[in-house]
file target-v4.cif (mmCIF, C-alpha atoms)
data_final
#
loop_
_atom_site.label_atom_id
_atom_site.label_comp_id
_atom_site.auth_asym_id
_atom_site.auth_seq_id
_atom_site.Cartn_x
_atom_site.Cartn_y
_atom_site.Cartn_z
CA MET A 1 0.00 0.00 0.00
CA ALA A 2 1.43 3.38 -1.01
CA LYS A 3 2.07 5.86 1.80
CA GLY A 4 2.82 9.56 1.81
CA PHE A 5 6.22 9.21 3.47
CA VAL A 6 9.45 7.70 2.11
CA VAL A 7 12.17 8.43 4.69
CA ASN A 8 9.75 8.03 7.62
CA ALA A 9 7.82 4.99 6.36
CA TYR A 10 6.56 4.23 9.91
CA ARG A 11 4.74 7.60 10.04
CA LEU A 12 0.96 7.34 9.67
CA ASP A 13 -0.21 10.87 10.41
CA PRO A 14 0.01 13.81 7.99
CA TYR A 15 1.81 16.97 9.07
CA LYS A 16 0.04 19.38 11.40
CA ASN A 17 -0.80 22.93 10.32
CA PHE A 18 0.36 24.77 13.45
CA LYS A 19 4.15 24.55 12.89
CA PHE A 20 5.29 27.02 10.25
CA GLN A 21 7.58 29.97 9.72
CA LEU A 22 7.74 32.78 7.18
CA MET A 23 10.93 34.35 5.86
CA TRP A 24 11.50 37.62 4.07
CA ASP A 25 14.72 39.50 3.47
CA GLY A 26 16.54 36.28 4.38
CA ARG A 27 15.29 36.03 7.98
CA ILE A 28 12.38 34.54 9.92
CA VAL A 29 9.60 37.02 10.70
CA VAL A 30 8.78 37.08 14.41
CA GLY A 31 5.50 35.89 15.88
CA ILE A 32 3.31 34.99 12.91
CA SER A 33 0.41 32.96 14.30
CA LYS A 34 -1.72 32.58 11.17
CA CYS A 35 -1.17 32.40 7.42
CA THR A 36 -4.09 31.76 5.09
CA ALA A 37 -3.92 29.05 2.42
CA LEU A 38 -1.83 29.15 -0.74
CA LYS A 39 -4.42 28.89 -3.48
CA ARG A 40 -4.31 29.21 -7.24
CA THR A 41 -7.23 29.10 -9.63
CA THR A 42 -7.21 28.50 -13.37
CA GLU A 43 -10.15 29.86 -15.34
CA VAL A 44 -12.11 27.43 -17.48
CA VAL A 45 -12.61 28.49 -21.10
CA LYS A 46 -15.59 26.77 -22.71
CA HIS A 47 -15.87 26.33 -26.46
CA ARG A 48 -17.73 24.17 -28.96
CA GLU A 49 -16.73 22.40 -32.11
CA GLY A 50 -18.69 23.12 -35.30
CA GLY A 51 -19.86 19.55 -35.84
CA ASP A 52 -20.75 18.93 -32.19
CA ASN A 53 -22.66 21.97 -30.87
CA SER A 54 -24.38 20.04 -28.06
CA THR A 55 -21.20 19.41 -26.05
CA ASP A 56 -18.96 21.98 -24.39
CA ARG A 57 -15.21 21.49 -24.58
CA LYS A 58 -13.10 22.94 -21.79
CA SER A 59 -9.60 24.39 -21.90
CA PRO A 60 -7.46 26.07 -19.25
CA GLY A 61 -7.42 29.87 -19.26
CA ARG A 62 -5.60 32.38 -17.06
CA THR A 63 -4.24 31.32 -13.69
CA SER A 64 -4.46 33.66 -10.70
CA TYR A 65 -3.01 33.39 -7.21
CA GLU A 66 -5.10 34.43 -4.22
CA ALA A 67 -3.76 36.91 -1.71
CA ILE A 68 -2.63 35.58 1.66
CA THR A 69 -3.31 37.11 5.05
CA LEU A 70 -0.75 37.05 7.86
CA GLU A 71 -1.60 37.62 11.51
CA ARG A 72 0.52 37.96 14.60
CA GLY A 73 0.23 39.32 18.11
CA VAL A 74 1.13 42.99 18.49
CA THR A 75 4.77 43.40 19.60
CA HIS A 76 7.49 46.03 19.24
CA ASP A 77 8.81 44.36 16.06
CA LEU A 78 8.35 46.85 13.20
CA GLU A 79 8.67 44.52 10.16
CA PHE A 80 4.96 44.51 9.20
CA GLU A 81 4.64 48.28 9.53
CA LYS A 82 7.89 49.04 7.68
CA TRP A 83 6.87 46.93 4.70
CA ALA A 84 3.31 48.32 4.62
CA ASN A 85 4.71 51.86 4.65
CA LEU A 86 6.74 51.21 1.48
CA VAL A 87 3.51 50.95 -0.52
CA HIS A 88 1.95 54.19 0.72
CA PRO A 89 3.69 56.13 3.50
CA LEU A 90 1.63 58.89 5.11
CA ASP A 91 4.43 61.51 5.14
CA ASP A 92 5.31 61.00 1.44
CA PRO A 93 2.55 59.76 -0.88
CA ALA A 94 5.09 58.42 -3.41
CA MET A 95 5.55 54.66 -3.10
CA ASP A 96 8.96 52.98 -2.94
CA LEU A 97 8.99 51.37 -6.39
CA LYS A 98 12.29 49.59 -5.78
CA ASN A 99 11.50 47.83 -2.49
CA PHE A 100 7.72 47.46 -2.10
CA ARG A 101 7.73 43.89 -3.50
CA LYS A 102 9.40 40.97 -1.73
CA ASP A 103 9.88 37.30 -2.41
CA LEU A 104 8.92 35.23 0.63
CA VAL A 105 9.55 31.68 1.78
CA LEU A 106 6.91 29.74 3.72
CA LEU A 107 8.30 26.84 5.76
CA LEU A 108 6.03 24.01 6.89
CA ASN A 109 7.60 22.20 9.85
CA ASN A 110 6.92 18.88 11.56
CA GLU A 111 6.24 18.52 15.29
CA ARG A 112 9.99 18.68 16.05
CA GLY A 113 10.36 21.92 14.13
CA LEU A 114 12.20 20.37 11.16
CA THR A 115 11.28 21.85 7.77
CA VAL A 116 9.30 19.33 5.70
CA LYS A 117 8.06 21.56 2.86
CA ARG A 118 9.16 24.92 1.58
CA TYR A 119 7.18 27.25 -0.69
CA LYS A 120 8.56 30.26 -2.55
CA LEU A 121 6.10 33.17 -2.93
CA PHE A 122 6.94 35.66 -5.67
CA ARG A 123 6.55 39.43 -6.01
CA CYS A 124 4.48 39.94 -2.86
CA TRP A 125 3.30 43.37 -1.73
CA VAL A 126 1.08 44.70 1.04
CA SER A 127 -2.46 45.59 -0.09
CA GLU A 128 -3.98 45.85 3.40
CA TYR A 129 -2.46 46.51 6.83
CA GLN A 130 -4.17 46.56 10.23
CA ALA A 131 -1.91 47.91 12.99
CA VAL A 132 -4.31 47.09 15.87
CA PRO A 133 -7.61 45.20 16.00
CA ASP A 134 -10.92 46.47 17.29
CA LEU A 135 -10.24 47.30 20.92
CA ASP A 136 -12.71 46.10 23.56
CA ALA A 137 -12.14 46.58 27.29
CA ASN A 138 -14.58 43.72 27.99
CA ALA A 139 -12.75 41.19 25.81
CA ASN A 140 -10.13 38.68 26.89
CA ALA A 141 -8.11 38.42 23.69
CA THR A 142 -4.67 39.06 22.23
CA ALA A 143 -4.22 42.19 20.13
CA ILE A 144 -3.58 41.02 16.54
CA GLU A 145 -1.71 42.85 13.79
CA MET A 146 -2.69 41.80 10.24
CA MET A 147 -1.45 42.28 6.72
CA LYS A 148 -2.83 41.10 3.40
CA LEU A 149 -0.29 40.28 0.71
CA GLU A 150 -0.92 40.15 -3.02
CA LEU A 151 1.35 37.75 -4.87
CA GLU A 152 2.06 36.83 -8.45
CA GLY A 153 2.78 33.15 -7.96
CA TRP A 154 4.19 30.44 -5.75
CA VAL A 155 6.02 27.17 -6.20
CA ARG A 156 6.99 24.34 -3.88
CA ASP A 157 10.74 23.96 -3.47
CA VAL A 158 11.09 20.33 -4.57
CA ASP A 159 14.70 20.26 -3.32
CA THR A 160 13.54 20.34 0.32
CA PRO A 161 14.12 16.77 1.52
CA GLU A 162 11.90 14.80 3.88
CA PRO A 163 13.77 14.97 7.22
CA ASP A 164 14.72 11.80 9.10
CA GLU A 165 12.41 11.78 12.14
CA SER A 166 13.97 8.69 13.72
CA ALA A 167 16.91 10.60 15.19
CA ALA A 168 16.96 11.37 18.91
CA VAL A 169 14.96 14.37 20.07
CA PRO A 170 17.32 17.33 20.55
CA ALA A 171 17.91 18.30 24.19
CA ALA A 172 16.14 21.44 25.39
CA GLY A 173 18.58 24.26 25.71
#

call {"tool": "encode", "arguments": {"input": "target-v4.cif", "output": "structure tokens"}}
result
Amino acid sequence: MAKGFVVNAYRLDPYKNFKFQLMWDGRIVVGISKCTALKRTTEVVKHREGGDNSTDRKSPGRTSYEAITLERGVTHDLEFEKWANLVHPLDDPAMDLKNFRKDLVLLLNNERGLTVKRYKLFRCWVSEYQAVPDLDANANATAIEMMKLELEGWVRDVDTPEPDESAAVPAAG
């Protein structure tokens, strides 16, 4: 019976969705607690052939990539705000045409924190930024900072190997 794991053939469970990291400018971004799904959609182009007008034929059309939303608890780290300000800073309405786009890397990790899949996200830019959420003195919640990123494509890095999970658990340091 075929399984989804090669190196860790004993593993039965798929990877969890709560262990991930996001990198931009070559470093891990602090505190991201949520990243929406990577999704692409290809339009369907319907057409008919002259001798067979009763049946639609279907061909692929344009492919688009949905924006992703990132969330994290409010901290003193300025990375979200700095990037959002490159698109439209308040003090200077001219956008930074050189630096407002970034290529990102999304890392999916296993329960031990080892990277199991890596996705490259291309030509991302901030289309929406929320510095603080709705504030409510009666709530018992964490303040969340949010940004929405438009992107022009993504690919899985097929050179990311399946890590060997049979090694000893690293000691806590």

call {"tool": "resolve_selection", "arguments": {"input": "target-v4.cif", "expression": "the PyMOL selection byres ((chain A and resi 60-72) around 8)", "output": "VMD selection string"}}
result
chain A and resid 31 to 45 58 to 59 73 to 74 144 to 154

call {"tool": "resolve_selection", "arguments": {"input": "target-v4.cif", "expression": "the PyMOL selection byres ((chain A and resi 80) around 9)", "output": "PDB file with C-alpha atoms, in the frame of the given file"}}
result
ATOM      1  CA  VAL A  29       9.600  37.020  10.700  1.00  0.00           C
ATOM      2  CA  ASP A  77       8.810  44.360  16.060  1.00  0.00           C
ATOM      3  CA  LEU A  78       8.350  46.850  13.200  1.00  0.00           C
ATOM      4  CA  GLU A  79       8.670  44.520  10.160  1.00  0.00           C
ATOM      5  CA  GLU A  81       4.640  48.280   9.530  1.00  0.00           C
ATOM      6  CA  LYS A  82       7.890  49.040   7.680  1.00  0.00           C
ATOM      7  CA  TRP A  83       6.870  46.930   4.700  1.00  0.00           C
ATOM      8  CA  ALA A  84       3.310  48.320   4.620  1.00  0.00           C
ATOM      9  CA  ASN A  85       4.710  51.860   4.650  1.00  0.00           C
ATOM     10  CA  TYR A 129      -2.460  46.510   6.830  1.00  0.00           C
ATOM     11  CA  ALA A 131      -1.910  47.910  12.990  1.00  0.00           C
ATOM     12  CA  GLU A 145      -1.710  42.850  13.790  1.00  0.00           C
ATOM     13  CA  MET A 146      -2.690  41.800  10.240  1.00  0.00           C
ATOM     14  CA  MET A 147      -1.450  42.280   6.720  1.00  0.00           C
TER      15      MET A 147
END

call {"tool": "closest_residue", "arguments": {"input": "target-v4.cif", "among": "A:Asn17, A:Asn99, A:Thr75, A:Asn138", "to": "Val116 of chain A", "atoms": "all atoms listed in the file"}}
result
A:Asn17

call {"tool": "closest_residue", "arguments": {"input": "target-v4.cif", "among": "A:Leu114, A:Trp125, A:Ala143, A:Phe18", "to": "Asp164 of chain A", "atoms": "only C-alpha atoms"}}
result
A:Leu114

call {"tool": "atom_distance", "arguments": {"input": "target-v4.cif", "atom1": "atom CA of Asp136 of chain A", "atom2": "atom CA of Leu90 of chain A"}}
result
26.6 Å

call {"tool": "atom_distance", "arguments": {"input": "target-v4.cif", "atom1": "atom CA of Val132 of chain A", "atom2": "atom CA of Val30 of chain A"}}
result
16.5 Å

call {"tool": "resolve_selection", "arguments": {"input": "target-v4.cif", "expression": "the PyMOL selection byres ((chain A and resi 103) around 6)", "output": "VMD selection string"}}
result
chain A and resid 102 104 121 to 123

call {"tool": "atom_distance", "arguments": {"input": "target-v4.cif", "atom1": "atom CA of Asp13 of chain A", "atom2": "atom CA of Ile28 of chain A"}}
result
26.8 Å

call {"tool": "residues_around", "arguments": {"input": "target-v4.cif", "residues": "Thr160 of chain A", "least_positions_apart": "5", "cutoff": "8 Å", "atoms": "only C-alpha atoms", "output": "compact mmCIF listing (two decimals) with C-alpha atoms, keeping the file's coordinate frame"}}
result
# COMPACT_ATOMS: atom_id res chain seq x y z
CA THR A 115 11.28 21.85 7.77
CA VAL A 116 9.30 19.33 5.70
CA LYS A 117 8.06 21.56 2.86
CA ARG A 118 9.16 24.92 1.58

call {"tool": "axis_aligned_box", "arguments": {"input": "target-v4.cif", "around": "segment 140-158 of chain A", "padding_each_side": "3 Å", "output": "lines of an AutoDock Vina configuration file"}}
result
center_x = 0.5
center_y = 31.6
center_z = 9.2
size_x = 27.2
size_y = 28.5
size_z = 41.3

call {"tool": "closest_residue", "arguments": {"input": "target-v4.cif", "among": "A:Val7, A:Val155, A:Met23, A:Leu135", "to": "Tyr119 of chain A", "atoms": "only C-alpha atoms"}}
result
A:Val155

call {"tool": "closest_residue", "arguments": {"input": "target-v4.cif", "among": "A:Gly50, A:Trp24, A:Leu107, A:Asp92", "to": "Cys124 of chain A", "atoms": "all atoms listed in the file"}}
result
A:Trp24

call {"tool": "closest_residue", "arguments": {"input": "target-v4.cif", "among": "A:Arg101, A:Lys3, A:Arg112, A:Arg57", "to": "Val126 of chain A", "atoms": "all atoms listed in the file"}}
result
A:Arg101

call {"tool": "closest_residue", "arguments": {"input": "target-v4.cif", "among": "A:Ser54, A:Asn109, A:Phe100, A:Met95", "to": "Pro161 of chain A", "atoms": "only C-alpha atoms"}}
result
A:Asn109

call {"tool": "decode", "arguments": {"input": "target-v4.cif", "residues": "segment 96-125 of chain A", "atoms": "N, CA and C atoms", "output": "PDB file, in the first residue's frame"}}
result
ATOM      1  N   ASP A  96       7.587  53.430  -2.712  1.00  0.00           N
ATOM      2  CA  ASP A  96       8.956  52.980  -2.940  1.00  0.00           C
ATOM      3  C   ASP A  96       8.933  51.901  -4.021  1.00  0.00           C
ATOM      4  N   LEU A  97       9.119  52.298  -5.273  1.00  0.00           N
ATOM      5  CA  LEU A  97       8.991  51.370  -6.393  1.00  0.00           C
ATOM      6  C   LEU A  97      10.073  50.294  -6.410  1.00  0.00           C
ATOM      7  N   LYS A  98      11.192  50.554  -5.773  1.00  0.00           N
ATOM      8  CA  LYS A  98      12.288  49.587  -5.779  1.00  0.00           C
ATOM      9  C   LYS A  98      12.076  48.467  -4.767  1.00  0.00           C
ATOM     10  N   ASN A  99      11.512  48.780  -3.606  1.00  0.00           N
ATOM     11  CA  ASN A  99      11.504  47.828  -2.495  1.00  0.00           C
ATOM     12  C   ASN A  99      10.129  47.351  -2.034  1.00  0.00           C
ATOM     13  N   PHE A 100       9.036  47.792  -2.652  1.00  0.00           N
ATOM     14  CA  PHE A 100       7.723  47.458  -2.099  1.00  0.00           C
ATOM     15  C   PHE A 100       7.330  46.001  -2.343  1.00  0.00           C
ATOM     16  N   ARG A 101       7.988  45.315  -3.267  1.00  0.00           N
ATOM     17  CA  ARG A 101       7.733  43.886  -3.502  1.00  0.00           C
ATOM     18  C   ARG A 101       8.836  43.060  -2.852  1.00  0.00           C
ATOM     19  N   LYS A 102       8.437  41.894  -2.335  1.00  0.00           N
ATOM     20  CA  LYS A 102       9.401  40.972  -1.726  1.00  0.00           C
ATOM     21  C   LYS A 102       9.059  39.557  -2.154  1.00  0.00           C
ATOM     22  N   ASP A 103      10.077  38.741  -2.271  1.00  0.00           N
ATOM     23  CA  ASP A 103       9.878  37.304  -2.414  1.00  0.00           C
ATOM     24  C   ASP A 103       9.948  36.710  -1.018  1.00  0.00           C
ATOM     25  N   LEU A 104       9.001  35.826  -0.694  1.00  0.00           N
ATOM     26  CA  LEU A 104       8.919  35.228   0.631  1.00  0.00           C
ATOM     27  C   LEU A 104       9.150  33.726   0.543  1.00  0.00           C
ATOM     28  N   VAL A 105       9.441  33.130   1.679  1.00  0.00           N
ATOM     29  CA  VAL A 105       9.550  31.678   1.775  1.00  0.00           C
ATOM     30  C   VAL A 105       8.691  31.230   2.949  1.00  0.00           C
ATOM     31  N   LEU A 106       7.755  30.320   2.684  1.00  0.00           N
ATOM     32  CA  LEU A 106       6.906  29.744   3.721  1.00  0.00           C
ATOM     33  C   LEU A 106       7.438  28.352   4.045  1.00  0.00           C
ATOM     34  N   LEU A 107       7.753  28.118   5.306  1.00  0.00           N
ATOM     35  CA  LEU A 107       8.295  26.844   5.758  1.00  0.00           C
ATOM     36  C   LEU A 107       7.232  26.098   6.551  1.00  0.00           C
ATOM     37  N   LEU A 108       6.920  24.879   6.135  1.00  0.00           N
ATOM     38  CA  LEU A 108       6.028  24.006   6.889  1.00  0.00           C
ATOM     39  C   LEU A 108       6.921  23.055   7.669  1.00  0.00           C
ATOM     40  N   ASN A 109       6.739  22.997   8.986  1.00  0.00           N
ATOM     41  CA  ASN A 109       7.601  22.197   9.854  1.00  0.00           C
ATOM     42  C   ASN A 109       6.827  21.048  10.490  1.00  0.00           C
ATOM     43  N   ASN A 110       7.555  19.993  10.842  1.00  0.00           N
ATOM     44  CA  ASN A 110       6.923  18.882  11.564  1.00  0.00           C
ATOM     45  C   ASN A 110       6.872  19.222  13.047  1.00  0.00           C
ATOM     46  N   GLU A 111       6.415  18.278  13.858  1.00  0.00           N
ATOM     47  CA  GLU A 111       6.236  18.515  15.293  1.00  0.00           C
ATOM     48  C   GLU A 111       7.547  18.830  16.004  1.00  0.00           C
ATOM     49  N   ARG A 112       8.674  18.383  15.465  1.00  0.00           N
ATOM     50  CA  ARG A 112       9.986  18.684  16.047  1.00  0.00           C
ATOM     51  C   ARG A 112      10.545  20.017  15.581  1.00  0.00           C
ATOM     52  N   GLY A 113       9.878  20.636  14.639  1.00  0.00           N
ATOM     53  CA  GLY A 113      10.358  21.917  14.130  1.00  0.00           C
ATOM     54  C   GLY A 113      11.273  21.781  12.921  1.00  0.00           C
ATOM     55  N   LEU A 114      11.384  20.579  12.353  1.00  0.00           N
ATOM     56  CA  LEU A 114      12.202  20.369  11.159  1.00  0.00           C
ATOM     57  C   LEU A 114      11.376  20.731   9.916  1.00  0.00           C
ATOM     58  N   THR A 115      11.984  21.432   8.978  1.00  0.00           N
ATOM     59  CA  THR A 115      11.280  21.846   7.774  1.00  0.00           C
ATOM     60  C   THR A 115      10.993  20.643   6.885  1.00  0.00           C
ATOM     61  N   VAL A 116       9.716  20.455   6.535  1.00  0.00           N
ATOM     62  CA  VAL A 116       9.301  19.330   5.702  1.00  0.00           C
ATOM     63  C   VAL A 116       8.883  19.772   4.297  1.00  0.00           C
ATOM     64  N   LYS A 117       8.409  20.993   4.167  1.00  0.00           N
ATOM     65  CA  LYS A 117       8.063  21.555   2.861  1.00  0.00           C
ATOM     66  C   LYS A 117       8.407  23.033   2.886  1.00  0.00           C
ATOM     67  N   ARG A 118       8.766  23.523   1.716  1.00  0.00           N
ATOM     68  CA  ARG A 118       9.164  24.925   1.579  1.00  0.00           C
ATOM     69  C   ARG A 118       8.496  25.460   0.311  1.00  0.00           C
ATOM     70  N   TYR A 119       7.851  26.619   0.439  1.00  0.00           N
ATOM     71  CA  TYR A 119       7.184  27.246  -0.693  1.00  0.00           C
ATOM     72  C   TYR A 119       7.776  28.627  -0.922  1.00  0.00           C
ATOM     73  N   LYS A 120       8.044  28.952  -2.175  1.00  0.00           N
ATOM     74  CA  LYS A 120       8.558  30.264  -2.547  1.00  0.00           C
ATOM     75  C   LYS A 120       7.393  31.087  -3.094  1.00  0.00           C
ATOM     76  N   LEU A 121       7.186  32.274  -2.529  1.00  0.00           N
ATOM     77  CA  LEU A 121       6.101  33.173  -2.925  1.00  0.00           C
ATOM     78  C   LEU A 121       6.729  34.374  -3.626  1.00  0.00           C
ATOM     79  N   PHE A 122       6.260  34.679  -4.826  1.00  0.00           N
ATOM     80  CA  PHE A 122       6.938  35.659  -5.666  1.00  0.00           C
ATOM     81  C   PHE A 122       6.196  36.988  -5.774  1.00  0.00           C
ATOM     82  N   ARG A 123       6.996  38.059  -5.758  1.00  0.00           N
ATOM     83  CA  ARG A 123       6.549  39.429  -6.013  1.00  0.00           C
ATOM     84  C   ARG A 123       5.367  39.835  -5.127  1.00  0.00           C
ATOM     85  N   CYS A 124       5.523  39.611  -3.838  1.00  0.00           N
ATOM     86  CA  CYS A 124       4.480  39.937  -2.858  1.00  0.00           C
ATOM     87  C   CYS A 124       4.533  41.422  -2.501  1.00  0.00           C
ATOM     88  N   TRP A 125       3.365  41.994  -2.213  1.00  0.00           N
ATOM     89  CA  TRP A 125       3.298  43.367  -1.730  1.00  0.00           C
ATOM     90  C   TRP A 125       2.066  43.524  -0.840  1.00  0.00           C
TER      91      TRP A 125
END
